[in-house]
Amino acid sequence: MRASRAIALLLLLQSRRTMTAAELATELEVSERTVQRDVATLAEAGVPVYAERGRAGGYRLVDGYRTRLTGLERAEAEVVHLAGLPGPLHDMGLAGPALAARLKVAAALGDAPAAAVRRFHLDAPAWFRAAEPPPLLAEVSRAVWEDRVLHARYAARGGTRDRRLEPYGLVLKSGQWYLVARGPSGRVGSYRVDRFETAEVGDERFERDLDFDLAGYWDAAAVEFTRTMLRERAVVRLSPLAVERLAVLLEPTAAADALATAGPPDADGWVTVTLPVESWEIGYFDLLRLGPEAEVLRPPALRARLAEATRRAAGLYD
């Protein structure tokens with residue numbers, strides 16, 4: 001009997017009180033006969049486990065028995081439960097360790113249900129987007145987890161190339177997986193996992209920079225990436241209401257950069273800003289969302305297009 005399976009079986013019974021051989025077999029991915037042998041082995045080792053007959057029967061531990069294998073206090077376990085992302089963990093090939101961790105957390109929580117699980121749930125994918133994981137995600141994840149060099153073929157905008165990467169971490173952003181890795185040039189960059197055509201974990205390990213902050217890197221990289229997409233500039237007057245709602249209605253980085261350029265309010269309380277937009281087409285639709293709370297001053301073509309849209313809208317409501 002594997003020790004890890006024995007611990008998992010014991011923690012399952014401790015957290016769920018009574019389980020049938022079929023339920024245990026499903027959780028542990030073994031046969032019912034193996035479960036029966038494992039229970040007998042635990043009993044011989046002094047664990048107070050017994051079979052309860054009847055329709056609602058199954059295997060259970062003697063009331064009051066608790067293992068001290070977890071090392072977690074209840075409050076700590078409830079917080080750890082918030083990190084349980086069953087979908088992404090399964091996609092990364094970490095379903096087994098995740099199950100063991102959840103069982104230890106459940107054992108530390110005792111008979112009462114986990115407060116965190118009842119109150120919080122993370123739904124990572126964005127709306128209107130399929131949540132299919134990239135085919136090579138598990139392989140990429142293994143390289144990250146084991147600090148091993150990843151030999152990959154990556155399809156970038158400039159063409160498909162073979163790359164030797166030192167993978168530092170994975171980021172799940174609105175349903176899209178990104179690998180953060182150090183490339184051949186020595187610079188850390190971001191790679192969309194669904195663009196890997198091949199990915200092979202090498203035998204070579206790399207020396208991880210212990211000062212590298214994945215969350216900090218991603219926050220900065222996301223802002224910088226957004227700014228590279230904002231290629232055009234529009235000069236716009238904003239009402240006090242538009243200033244208040246700008247970060248909600250428009251892209252937050254663009255809104256922040258625009259408000260940083262604001263001059264003093266005019267006699268009507270309006271301010272003039274330089275608003276970065278990805279393109280004039282996208283800027284047109286973005287500024288339509290502000291309605292009469294914004295006036296485009298430049299460029300003239302965008303001002304004329306919004307003026308025409310305003311006349312057409314007025315005609316609909318006349």
# chains A, B, ... in the order shown; residues from 1 in each chain; ligands from 1

$ residues_around --residues "Arg231 of chain A" --least-positions-apart "5" --cutoff "9 Å" --atoms "only C-alpha atoms" --output "MDAnalysis selection string"
chainID A and resid 276:279

$ residues_around --residues "segment 224-228 of chain A" --least-positions-apart "4" --cutoff "8 Å" --atoms "only C-alpha atoms" --output "number ranges by chain"
A: 220, 253-254

$ residues_around --residues "Ala309 of chain A" --least-positions-apart "6" --cutoff "12 Å" --atoms "only C-alpha atoms" --output "PDB file with N, CA and C atoms, in the first residue's frame"
ATOM      1  N   TYR A 284     -13.301  55.910 -31.900  1.00  0.00           N
ATOM      2  CA  TYR A 284     -14.643  56.399 -32.225  1.00  0.00           C
ATOM      3  C   TYR A 284     -15.696  55.724 -31.343  1.00  0.00           C
ATOM      4  N   PHE A 285     -15.637  54.398 -31.274  1.00  0.00           N
ATOM      5  CA  PHE A 285     -16.635  53.679 -30.477  1.00  0.00           C
ATOM      6  C   PHE A 285     -16.431  53.904 -28.977  1.00  0.00           C
ATOM      7  N   LEU A 287     -15.324  56.680 -27.580  1.00  0.00           N
ATOM      8  CA  LEU A 287     -15.811  58.015 -27.237  1.00  0.00           C
ATOM      9  C   LEU A 287     -17.330  58.121 -27.352  1.00  0.00           C
ATOM     10  N   LEU A 288     -17.939  57.288 -28.188  1.00  0.00           N
ATOM     11  CA  LEU A 288     -19.397  57.246 -28.233  1.00  0.00           C
ATOM     12  C   LEU A 288     -19.977  56.838 -26.877  1.00  0.00           C
ATOM     13  N   ARG A 289     -19.239  56.034 -26.139  1.00  0.00           N
ATOM     14  CA  ARG A 289     -19.719  55.577 -24.833  1.00  0.00           C
ATOM     15  C   ARG A 289     -19.813  56.722 -23.835  1.00  0.00           C
ATOM     16  N   GLY A 291     -20.809  59.718 -24.701  1.00  0.00           N
ATOM     17  CA  GLY A 291     -21.964  60.524 -25.084  1.00  0.00           C
ATOM     18  C   GLY A 291     -21.703  62.012 -24.973  1.00  0.00           C
ATOM     19  N   PRO A 292     -22.685  62.756 -24.413  1.00  0.00           N
ATOM     20  CA  PRO A 292     -22.553  64.219 -24.323  1.00  0.00           C
ATOM     21  C   PRO A 292     -21.605  64.675 -23.217  1.00  0.00           C
ATOM     22  N   LEU A 302     -11.971  62.785 -36.620  1.00  0.00           N
ATOM     23  CA  LEU A 302     -12.691  62.091 -35.553  1.00  0.00           C
ATOM     24  C   LEU A 302     -13.799  62.975 -34.991  1.00  0.00           C
ATOM     25  N   ARG A 303     -13.514  64.271 -34.861  1.00  0.00           N
ATOM     26  CA  ARG A 303     -14.544  65.202 -34.377  1.00  0.00           C
ATOM     27  C   ARG A 303     -15.746  65.212 -35.334  1.00  0.00           C
ATOM     28  N   GLY A 315     -31.653  62.635 -34.396  1.00  0.00           N
ATOM     29  CA  GLY A 315     -32.765  62.385 -35.307  1.00  0.00           C
ATOM     30  C   GLY A 315     -33.614  61.210 -34.873  1.00  0.00           C
ATOM     31  N   LEU A 316     -32.979  60.189 -34.299  1.00  0.00           N
ATOM     32  CA  LEU A 316     -33.729  59.020 -33.835  1.00  0.00           C
ATOM     33  C   LEU A 316     -34.643  59.356 -32.667  1.00  0.00           C
TER      34      LEU A 316
END

$ select_by_dssp --residues "segment 242-303 of chain A" --states "strand (DSSP E or B)" --output "list in words"
Val271, Thr272, Val273, Thr274, Leu275, Pro276, Val277, Ala294, Glu295, Val296, Leu297 and Arg298 of chain A

$ write_last_selection --atoms "C-alpha atoms" --output "mmCIF file, in the first residue's frame"
data_model
loop_
_atom_site.group_PDB
_atom_site.id
_atom_site.type_symbol
_atom_site.label_atom_id
_atom_site.label_comp_id
_atom_site.auth_asym_id
_atom_site.auth_seq_id
_atom_site.Cartn_x
_atom_site.Cartn_y
_atom_site.Cartn_z
ATOM 1 C CA VAL A 271 -10.963 69.570 -18.389
ATOM 2 C CA THR A 272 -8.988 68.977 -21.586
ATOM 3 C CA VAL A 273 -6.970 65.740 -21.859
ATOM 4 C CA THR A 274 -4.940 63.846 -24.416
ATOM 5 C CA LEU A 275 -6.584 60.426 -24.677
ATOM 6 C CA PRO A 276 -4.536 57.504 -26.092
ATOM 7 C CA VAL A 277 -6.547 55.118 -28.299
ATOM 8 C CA ALA A 294 -17.089 64.429 -23.927
ATOM 9 C CA GLU A 295 -16.184 66.729 -26.818
ATOM 10 C CA VAL A 296 -13.455 65.758 -29.274
ATOM 11 C CA LEU A 297 -11.295 68.738 -30.249
ATOM 12 C CA ARG A 298 -8.720 66.924 -32.389
#

$ closest_residue --among "A:Trp177, A:Leu150, A:Ile282, A:Phe196" --to "Met229 of chain A" --atoms "only C-alpha atoms"
A:Ile282

$ atom_distance --atom1 "atom CA of Val223 of chain A" --atom2 "atom CA of Asp257 of chain A"
10.8 Å

$ residues_around --residues "Ser185 of chain A" --least-positions-apart "5" --cutoff "12 Å" --atoms "only C-alpha atoms" --output "list in words"
Arg163, Arg164, Leu165 and Glu166 of chain A

$ write_last_selection --atoms "all heavy atoms" --output "mmCIF file, in the first residue's frame"
data_model
loop_
_atom_site.group_PDB
_atom_site.id
_atom_site.type_symbol
_atom_site.label_atom_id
_atom_site.label_comp_id
_atom_site.auth_asym_id
_atom_site.auth_seq_id
_atom_site.Cartn_x
_atom_site.Cartn_y
_atom_site.Cartn_z
ATOM 1 N N ARG A 163 13.056 28.076 -29.801
ATOM 2 C CA ARG A 163 13.515 28.886 -28.671
ATOM 3 C C ARG A 163 13.950 27.992 -27.508
ATOM 4 O O ARG A 163 13.345 26.954 -27.259
ATOM 5 C CB ARG A 163 12.415 29.832 -28.193
ATOM 6 C CG ARG A 163 11.979 30.856 -29.229
ATOM 7 C CD ARG A 163 10.849 31.704 -28.713
ATOM 8 N NE ARG A 163 10.356 32.652 -29.710
ATOM 9 C CZ ARG A 163 10.769 33.903 -29.841
ATOM 10 N NH1 ARG A 163 11.699 34.375 -29.015
ATOM 11 N NH2 ARG A 163 10.265 34.689 -30.762
ATOM 12 N N ARG A 164 14.971 28.463 -26.821
ATOM 13 C CA ARG A 164 15.397 27.846 -25.567
ATOM 14 C C ARG A 164 14.963 28.795 -24.451
ATOM 15 O O ARG A 164 15.445 29.918 -24.363
ATOM 16 C CB ARG A 164 16.916 27.641 -25.531
ATOM 17 C CG ARG A 164 17.429 27.049 -24.216
ATOM 18 C CD ARG A 164 18.949 27.145 -24.155
ATOM 19 N NE ARG A 164 19.471 26.605 -22.899
ATOM 20 C CZ ARG A 164 19.531 27.280 -21.755
ATOM 21 N NH1 ARG A 164 19.071 28.538 -21.697
ATOM 22 N NH2 ARG A 164 20.021 26.718 -20.668
ATOM 23 N N LEU A 165 14.064 28.344 -23.605
ATOM 24 C CA LEU A 165 13.463 29.217 -22.597
ATOM 25 C C LEU A 165 13.726 28.700 -21.191
ATOM 26 O O LEU A 165 13.753 27.489 -20.947
ATOM 27 C CB LEU A 165 11.950 29.316 -22.817
ATOM 28 C CG LEU A 165 11.500 29.859 -24.178
ATOM 29 C CD1 LEU A 165 9.999 29.738 -24.314
ATOM 30 C CD2 LEU A 165 11.950 31.302 -24.358
ATOM 31 N N GLU A 166 13.918 29.649 -20.283
ATOM 32 C CA GLU A 166 13.998 29.330 -18.855
ATOM 33 C C GLU A 166 12.680 29.798 -18.227
ATOM 34 O O GLU A 166 12.491 30.986 -17.973
ATOM 35 C CB GLU A 166 15.200 30.028 -18.222
ATOM 36 C CG GLU A 166 16.527 29.556 -18.809
ATOM 37 C CD GLU A 166 17.721 30.285 -18.207
ATOM 38 O OE1 GLU A 166 17.513 31.212 -17.390
ATOM 39 O OE2 GLU A 166 18.865 29.930 -18.557
#

$ residues_around --residues "segment 212-214 of chain A" --least-positions-apart "5" --cutoff "10 Å" --atoms "only C-alpha atoms" --output "list of chain:residue names"
A:Tyr168, A:Gly169, A:Leu170, A:Val171, A:Val180, A:Val188, A:Asp219

$ write_last_selection --atoms "all heavy atoms" --output "short mmCIF file (atom, residue, chain, number, x, y, z; two decimals), in the first residue's frame"
data_model
loop_
_atom_site.label_atom_id
_atom_site.label_comp_id
_atom_site.auth_asym_id
_atom_site.auth_seq_id
_atom_site.Cartn_x
_atom_site.Cartn_y
_atom_site.Cartn_z
N TYR A 168 9.85 30.88 -15.87
CA TYR A 168 9.74 31.38 -14.50
C TYR A 168 8.35 31.21 -13.91
O TYR A 168 8.20 31.07 -12.69
CB TYR A 168 10.14 32.86 -14.46
CG TYR A 168 11.61 33.08 -14.25
CD1 TYR A 168 12.55 32.43 -15.05
CD2 TYR A 168 12.08 33.92 -13.26
CE1 TYR A 168 13.91 32.62 -14.85
CE2 TYR A 168 13.44 34.12 -13.05
CZ TYR A 168 14.35 33.47 -13.85
OH TYR A 168 15.69 33.66 -13.64
N GLY A 169 7.33 31.27 -14.74
CA GLY A 169 5.99 31.15 -14.18
C GLY A 169 4.91 31.18 -15.24
O GLY A 169 5.16 31.50 -16.40
N LEU A 170 3.69 30.82 -14.82
CA LEU A 170 2.52 30.84 -15.69
C LEU A 170 1.52 31.85 -15.17
O LEU A 170 1.36 32.00 -13.96
CB LEU A 170 1.87 29.45 -15.74
CG LEU A 170 2.56 28.42 -16.64
CD1 LEU A 170 2.05 27.02 -16.31
CD2 LEU A 170 2.31 28.73 -18.11
N VAL A 171 0.86 32.53 -16.08
CA VAL A 171 -0.17 33.51 -15.73
C VAL A 171 -1.44 33.17 -16.50
O VAL A 171 -1.38 32.93 -17.72
CB VAL A 171 0.29 34.94 -16.07
CG1 VAL A 171 -0.84 35.93 -15.78
CG2 VAL A 171 1.53 35.32 -15.27
N VAL A 180 5.80 33.17 -18.62
CA VAL A 180 6.81 34.19 -18.39
C VAL A 180 8.16 33.47 -18.31
O VAL A 180 8.34 32.61 -17.44
CB VAL A 180 6.52 34.98 -17.10
CG1 VAL A 180 7.65 35.97 -16.82
CG2 VAL A 180 5.19 35.71 -17.20
N VAL A 188 13.59 38.71 -19.86
CA VAL A 188 12.36 38.02 -19.51
C VAL A 188 11.23 38.55 -20.38
O VAL A 188 11.09 39.77 -20.57
CB VAL A 188 12.02 38.22 -18.02
CG1 VAL A 188 10.66 37.60 -17.68
CG2 VAL A 188 13.10 37.60 -17.14
N ASP A 219 2.27 42.69 -13.72
CA ASP A 219 1.55 43.97 -13.62
C ASP A 219 2.20 45.03 -14.51
O ASP A 219 1.53 45.75 -15.25
CB ASP A 219 1.51 44.45 -12.17
CG ASP A 219 0.56 43.62 -11.32
OD1 ASP A 219 -0.27 42.89 -11.89
OD2 ASP A 219 0.66 43.70 -10.08
#

$ select_by_dssp --residues "segment 135-261 of chain A" --states "helix (DSSP H, G or I)" --output "PyMOL selection string"
chain A and resi 137-146+193-195+214-229+240-249+252-259

$ closest_residue --among "A:Leu241, A:Ala258, A:Val201, A:Ala8" --to "Glu29 of chain A" --atoms "only C-alpha atoms"
A:Ala8

$ atom_distance --atom1 "atom CA of Asp63 of chain A" --atom2 "atom CA of Val49 of chain A"
9.8 Å

$ residues_around --residues "His151 of chain A" --least-positions-apart "6" --cutoff "12 Å" --atoms "only C-alpha atoms" --output "VMD selection string"
chain A and resid 139 to 140 143 161 to 167 181 183 to 184 196 to 204
